[in-house]
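Engineer: Could you have a look at this structure, given as structure tokens, before my questions?
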Protein chains: 2
Amino acid sequence: MSEEPQVPADPDDETEIPESHPRYESLLTRHRIEAGLEKGITSRQGLIAQGRGEAYDYLLGERTLPSADEAARAAAAQFLLADHPVVSVNGNVAALVPGEVVELAAVVGADIEVNLFNRTRERMERIAAHFREHGAESVKGLAADGEIPGLDHARATVDADGIERADVVLVPLEDGDRAEALADMGKTEIVVDLNPLSRSAQTAAIPIIDNIIRAVPNVTAHARDLQGSDETTLRTVVESFDSEAALAAAEEAIRTGR
Amino acid sequence: MSEEPQVPADPDDETEIPESHPRYESLLTRHRIEAGLEKGITSRQGLIAQGRGEAYDYLLGERTLPSADEAARAAAAQFLLADHPVVSVNGNVAALVPGEVVELAAVVGADIEVNLFNRTRERMERIAAHFREHGAESVKGLAADGEIPGLDHARATVDADGIERADVVLVPLEDGDRAEALADMGKTEIVVDLNPLSRSAQTAAIPIIDNIIRAVPNVTAHARDLQGSDETTLRTVVESFDSEAALAAAEEAIRTGR
């Protein structure tokens with residue numbers, strides 16, 4: 001693979017990245033993911049996954065499609081309707097959008113729970129600490145007293161009062177096995193994924209086919225806008241969202257470049 | 001951005017990967033790139049680039065298109081016609097196809113020269129040693145007494161009796177700036193890249209839009225087949241290759257999945 005699109009700068013601090021830079025979002029993403037690796041938050045697999053995301057986003061035109069914006073709005077309404085919403089976070093989510101996740105969780109009243117593909121106590125704690133540094137009051141995932149049926153032990157482990165009892169779960173950048181297992185538990189699943197053909201995206205009640213850097217703040221903005229709406233309004237937003245049409249629109253955009 | 005397609009195993013040695021595995025090539029690639037990181041050969045940027053490659057290869061159907069096979073044949077003929085052919089190698093090439101590059105270079109009589117996006121003496125030496133371990137008799141790049149005009153110093157540095165005087169250069173997984181600078185020097189450039197829209201691919205006389213794991217052995221196979229052919233035959237193979245048609249075919253395959 002070539003190293004395009006080029007992201008030339010390598011700033012020590014993200015405030016050094018000029019917002020006017022034509023590749024600002026790429027620079028910021030790259031900076032955060034590399035800083036995440038240095039902090040022991042991002043894994044090698046996470047770097048490779050980041051590269052896959054870059055390719056899909058490049059083909060997508062590095063923009064939020066109207067269908068992804070509708071998905072973000074439906075996700076916001078779904079969160080506001082939930083009794084026990086949880087945002088499930090992994091190493092890349094922690095590296096890329098820590099402050100944005102804390103803000104979303106605060107606005108919709110969701111818990112944040114760490115769940116790793118390659119679970120080690122040390123990395124779990126480091127990621128939880130990273131979210132606390134970004135303003136999270138509490139971070140779940142370390143109690144590890146719950147289980148998702150149908151996965152091998154390390155991947156199945158969750159908190160009983162977190163993901164296990166959740167009715168609505170946002171799983172950004174999730175692998176297909178776990179996304180399916182959560183759906184099988186009857187959770188209403190919101191996925192953020194740049195590949196509309198991935199099993200995670202196909203499994204989700206609400207797939208948001210967008211870069212997580214754009215998607216999470218967008219869900220928060222819609223949640224702020226919808227806050228105070230009555231239940232009927234929120235249900236209408238959720239029910240008018242068509243996930244198959246959204247997936248088809250994203251695939252079309254990636255395939256045709258339009 | 002999800003972790004699909006899944007590559008479950010994590011073997012210590014690539015001989016542990018069963019060739020019958022439905023994702024054998026992915027497993028082998030992933031194994032080599034991670035081993036490369038451990039050996040200090042692959043960079044972080046290399047891991048991200050690897051992920052981009054995976055996404056494009058996934059969309060391409062993880063196969064060698066007929067147009068990519070024609071490009072590989074034209075590349076082989078071009079190599080056999082060359083006076084001073086060079087294979088330019090970076091960290092990912094070293095990690096992914098060290099033995100395959102050594103074999104190709106031997107068959108077509110090319111030099112191997114290391115050139116890094118992020119050049120450090122230590123990594124240059126490590127990569128040169130890695131190729132020698134895989135059978136290369138000599139590896140260029142460390143003399144650093146030549147220059148590619150139009151690039152900043154670290155990227156421009158080459159060997160005077162290597163890339164600087166080469167008439168045909170294979171630059172697999174090359175970034176756009178350097179690919180353009182080499183073309184501007186009048187080199188006949190062969191590129192291996194999975195993104196047909198990249199500047200490297202667009203710049204090359206012969207773009208091979210294929211996974212490097214498949215492309216390099218394929219060029220070698222064609223070179224063996226064409227060895228001993230007369231110059232007219234070789235020129236006909238090169239001239240009958242249509243790079244624009246090959247790029248269009250690859251883009252069509254990625255866009256439509258066919």
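Chains: A, B, ... in order of the structure tokens. Residues: from 1 per chain. Ligands: from 1, in order shown.
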Residues of chain A within 6 Å of chain B, using only C-alpha atoms, as a PyMOL selection string?
Structural biologist: chain A and resi 1-3+47-49+51-53+55+173-175+193-194+255
Engineer: Please, could you write that set of residues out with N, CA, C and O atoms as a PDB file, in the first residue's frame?
Structural biologist:
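Written out: selection_7.pdb:
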```pdb
ATOM      1  N   MET A   1       0.833  -1.206   0.000  1.00  0.00           N
ATOM      2  CA  MET A   1       0.000   0.000   0.000  1.00  0.00           C
ATOM      3  C   MET A   1       0.861   1.247   0.000  1.00  0.00           C
ATOM      4  O   MET A   1       1.874   1.300   0.677  1.00  0.00           O
ATOM      5  N   SER A   2       0.504   2.231  -0.749  1.00  0.00           N
ATOM      6  CA  SER A   2       1.256   3.478  -0.709  1.00  0.00           C
ATOM      7  C   SER A   2       0.930   4.167   0.606  1.00  0.00           C
ATOM      8  O   SER A   2       0.013   3.776   1.323  1.00  0.00           O
ATOM      9  N   GLU A   3       1.688   5.193   0.885  1.00  0.00           N
ATOM     10  CA  GLU A   3       1.428   5.911   2.129  1.00  0.00           C
ATOM     11  C   GLU A   3       0.465   7.067   1.903  1.00  0.00           C
ATOM     12  O   GLU A   3       0.371   7.968   2.701  1.00  0.00           O
ATOM     13  N   LEU A  47      -3.529  -0.331  15.365  1.00  0.00           N
ATOM     14  CA  LEU A  47      -2.906   0.471  14.300  1.00  0.00           C
ATOM     15  C   LEU A  47      -3.318  -0.046  12.924  1.00  0.00           C
ATOM     16  O   LEU A  47      -3.602   0.733  12.015  1.00  0.00           O
ATOM     17  N   ILE A  48      -3.327  -1.365  12.788  1.00  0.00           N
ATOM     18  CA  ILE A  48      -3.730  -1.947  11.499  1.00  0.00           C
ATOM     19  C   ILE A  48      -5.200  -1.617  11.218  1.00  0.00           C
ATOM     20  O   ILE A  48      -5.560  -1.231  10.102  1.00  0.00           O
ATOM     21  N   ALA A  49      -6.031  -1.738  12.253  1.00  0.00           N
ATOM     22  CA  ALA A  49      -7.452  -1.400  12.100  1.00  0.00           C
ATOM     23  C   ALA A  49      -7.615   0.072  11.719  1.00  0.00           C
ATOM     24  O   ALA A  49      -8.471   0.422  10.899  1.00  0.00           O
ATOM     25  N   GLY A  51      -5.561   1.788   9.946  1.00  0.00           N
ATOM     26  CA  GLY A  51      -5.235   1.879   8.520  1.00  0.00           C
ATOM     27  C   GLY A  51      -6.407   1.456   7.651  1.00  0.00           C
ATOM     28  O   GLY A  51      -6.722   2.102   6.645  1.00  0.00           O
ATOM     29  N   ARG A  52      -7.077   0.359   8.060  1.00  0.00           N
ATOM     30  CA  ARG A  52      -8.257  -0.062   7.291  1.00  0.00           C
ATOM     31  C   ARG A  52      -9.290   1.053   7.282  1.00  0.00           C
ATOM     32  O   ARG A  52      -9.881   1.371   6.249  1.00  0.00           O
ATOM     33  N   GLY A  53      -9.502   1.663   8.449  1.00  0.00           N
ATOM     34  CA  GLY A  53     -10.454   2.765   8.535  1.00  0.00           C
ATOM     35  C   GLY A  53     -10.081   3.913   7.614  1.00  0.00           C
ATOM     36  O   GLY A  53     -10.944   4.475   6.933  1.00  0.00           O
ATOM     37  N   ALA A  55      -8.505   3.809   4.811  1.00  0.00           N
ATOM     38  CA  ALA A  55      -8.792   3.467   3.413  1.00  0.00           C
ATOM     39  C   ALA A  55     -10.279   3.620   3.112  1.00  0.00           C
ATOM     40  O   ALA A  55     -10.662   4.206   2.098  1.00  0.00           O
ATOM     41  N   LEU A 173     -16.256   0.613  16.515  1.00  0.00           N
ATOM     42  CA  LEU A 173     -15.065  -0.136  16.094  1.00  0.00           C
ATOM     43  C   LEU A 173     -15.038  -1.526  16.710  1.00  0.00           C
ATOM     44  O   LEU A 173     -14.033  -1.984  17.232  1.00  0.00           O
ATOM     45  N   GLU A 174     -16.169  -2.197  16.669  1.00  0.00           N
ATOM     46  CA  GLU A 174     -16.293  -3.517  17.310  1.00  0.00           C
ATOM     47  C   GLU A 174     -16.061  -4.636  16.310  1.00  0.00           C
ATOM     48  O   GLU A 174     -16.335  -4.484  15.132  1.00  0.00           O
ATOM     49  N   ASP A 175     -15.557  -5.766  16.779  1.00  0.00           N
ATOM     50  CA  ASP A 175     -15.393  -6.893  15.866  1.00  0.00           C
ATOM     51  C   ASP A 175     -16.723  -7.641  15.739  1.00  0.00           C
ATOM     52  O   ASP A 175     -17.613  -7.541  16.590  1.00  0.00           O
ATOM     53  N   ASP A 193     -18.781   2.243  12.382  1.00  0.00           N
ATOM     54  CA  ASP A 193     -17.872   1.424  11.588  1.00  0.00           C
ATOM     55  C   ASP A 193     -17.795   2.044  10.198  1.00  0.00           C
ATOM     56  O   ASP A 193     -18.803   2.504   9.667  1.00  0.00           O
ATOM     57  N   LEU A 194     -16.620   2.068   9.597  1.00  0.00           N
ATOM     58  CA  LEU A 194     -16.501   2.661   8.258  1.00  0.00           C
ATOM     59  C   LEU A 194     -16.743   1.662   7.138  1.00  0.00           C
ATOM     60  O   LEU A 194     -16.834   2.039   5.974  1.00  0.00           O
ATOM     61  N   ARG A 255     -18.390   2.622  -3.206  1.00  0.00           N
ATOM     62  CA  ARG A 255     -18.174   1.993  -4.505  1.00  0.00           C
ATOM     63  C   ARG A 255     -18.068   3.012  -5.632  1.00  0.00           C
ATOM     64  O   ARG A 255     -17.233   2.885  -6.520  1.00  0.00           O
TER      65      ARG A 255
END
```
Engineer: I'd like to know which of A:Gly36, A:Gly141, A:Gly135, A:Pro98 is closest to Leu116 (chain A), using only C-alpha atoms.
Structural biologist: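 Among the listed residues, the smallest separation from Leu116 (chain A) belongs to A:Gly141.
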Engineer: If we count only C-alpha atoms and set the cut-off at 10 Å, which residues sit around region 62-71 of chain B, ignoring sequence neighbours fewer than 2 positions away in its own chain? Please answer as a ChimeraX atom specification.
Structural biologist: /B:23,25-26,54-60,73-77,190-192,205-211,214-215,218-219,222,237-238,240-243,245-250,253,258
Engineer: From the set B:Glu244, B:Asp152, B:Glu19, B:Asp230, which residue has the shortest atom-to-atom contact distance to Arg178 (chain B), counting only C-alpha atoms?
Structural biologist: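 Distance minimum relative to Arg178 (chain B) lands on B:Asp152.
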Engineer: Distance CA of Ser88 (chain A)-CA of Thr232 (chain A), one decimal place?
Structural biologist: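 So the answer is 27.1 Å.
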Engineer: Can you list every residue in region 40-89 of chain B that DSSP puts in helix (DSSP H, G or I), as a PyMOL selection string?
Structural biologist: chain B and resi 44-60+66-81
Engineer: Using C-alpha atoms, can you export the residues from the last selection as a compact mmCIF listing (two decimals), in the first residue's frame?
Structural biologist:
```txt
# COMPACT_ATOMS: atom_id res chain seq x y z
CA ARG B 44 4.13 2.42 13.12
CA GLN B 45 3.31 4.18 9.89
CA GLY B 46 3.98 0.83 8.26
CA LEU B 47 1.33 -0.87 10.40
CA ILE B 48 -1.22 1.78 9.47
CA ALA B 49 -0.26 1.44 5.79
CA GLN B 50 -0.69 -2.32 6.16
CA GLY B 51 -4.24 -1.76 7.38
CA ARG B 52 -5.02 0.45 4.39
CA GLY B 53 -3.72 -2.32 2.17
CA GLU B 54 -5.94 -4.89 3.87
CA ALA B 55 -9.02 -2.78 3.22
CA TYR B 56 -8.23 -2.32 -0.47
CA ASP B 57 -7.34 -5.99 -0.89
CA TYR B 58 -10.59 -6.96 0.83
CA LEU B 59 -12.57 -4.77 -1.59
CA LEU B 60 -10.55 -6.20 -4.49
CA PRO B 66 -6.03 -10.39 -15.03
CA SER B 67 -4.91 -6.77 -15.56
CA ALA B 68 -2.52 -7.07 -12.59
CA ASP B 69 -1.13 -10.27 -14.04
CA GLU B 70 -0.51 -8.47 -17.35
CA ALA B 71 1.21 -5.69 -15.42
CA ALA B 72 3.41 -8.25 -13.65
CA ARG B 73 4.37 -9.73 -17.03
CA ALA B 74 5.17 -6.29 -18.46
CA ALA B 75 7.24 -5.54 -15.35
CA ALA B 76 9.18 -8.77 -15.84
CA ALA B 77 9.89 -7.90 -19.47
CA GLN B 78 10.88 -4.34 -18.52
CA PHE B 79 13.31 -5.71 -15.93
CA LEU B 80 14.88 -8.08 -18.46
CA LEU B 81 15.35 -5.17 -20.91
```
Engineer: As number ranges by chain, list the residues of region 18-224 of chain A assigned to strand (DSSP E) by DSSP on the backbone atoms of this structure.
Structural biologist: A: 85-89, 111-114, 146-147, 157-158, 168-172, 188-192, 206-208
Engineer: Rounded to one decimal in Å, what is the spacing between CA of Ser43 (chain A) and CA of Gly61 (chain B)?
Structural biologist: 26.5 Å
Engineer: Could you please determine the separation between CA of Val102 (chain A) and CA of Val158 (chain A) in Å, to one decimal place?
Structural biologist: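 Value for the CA of Val102 (chain A)-CA of Val158 (chain A) distance: 19.3 Å.
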Engineer: Check the smallest atom-to-atom distance from each of B:Val168, B:Leu142, B:Val107, B:Thr203 to Arg121 (chain B) using only C-alpha atoms, then report the winner.
Structural biologist: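 Closest to Arg121 (chain B) of all the choices is B:Leu142.
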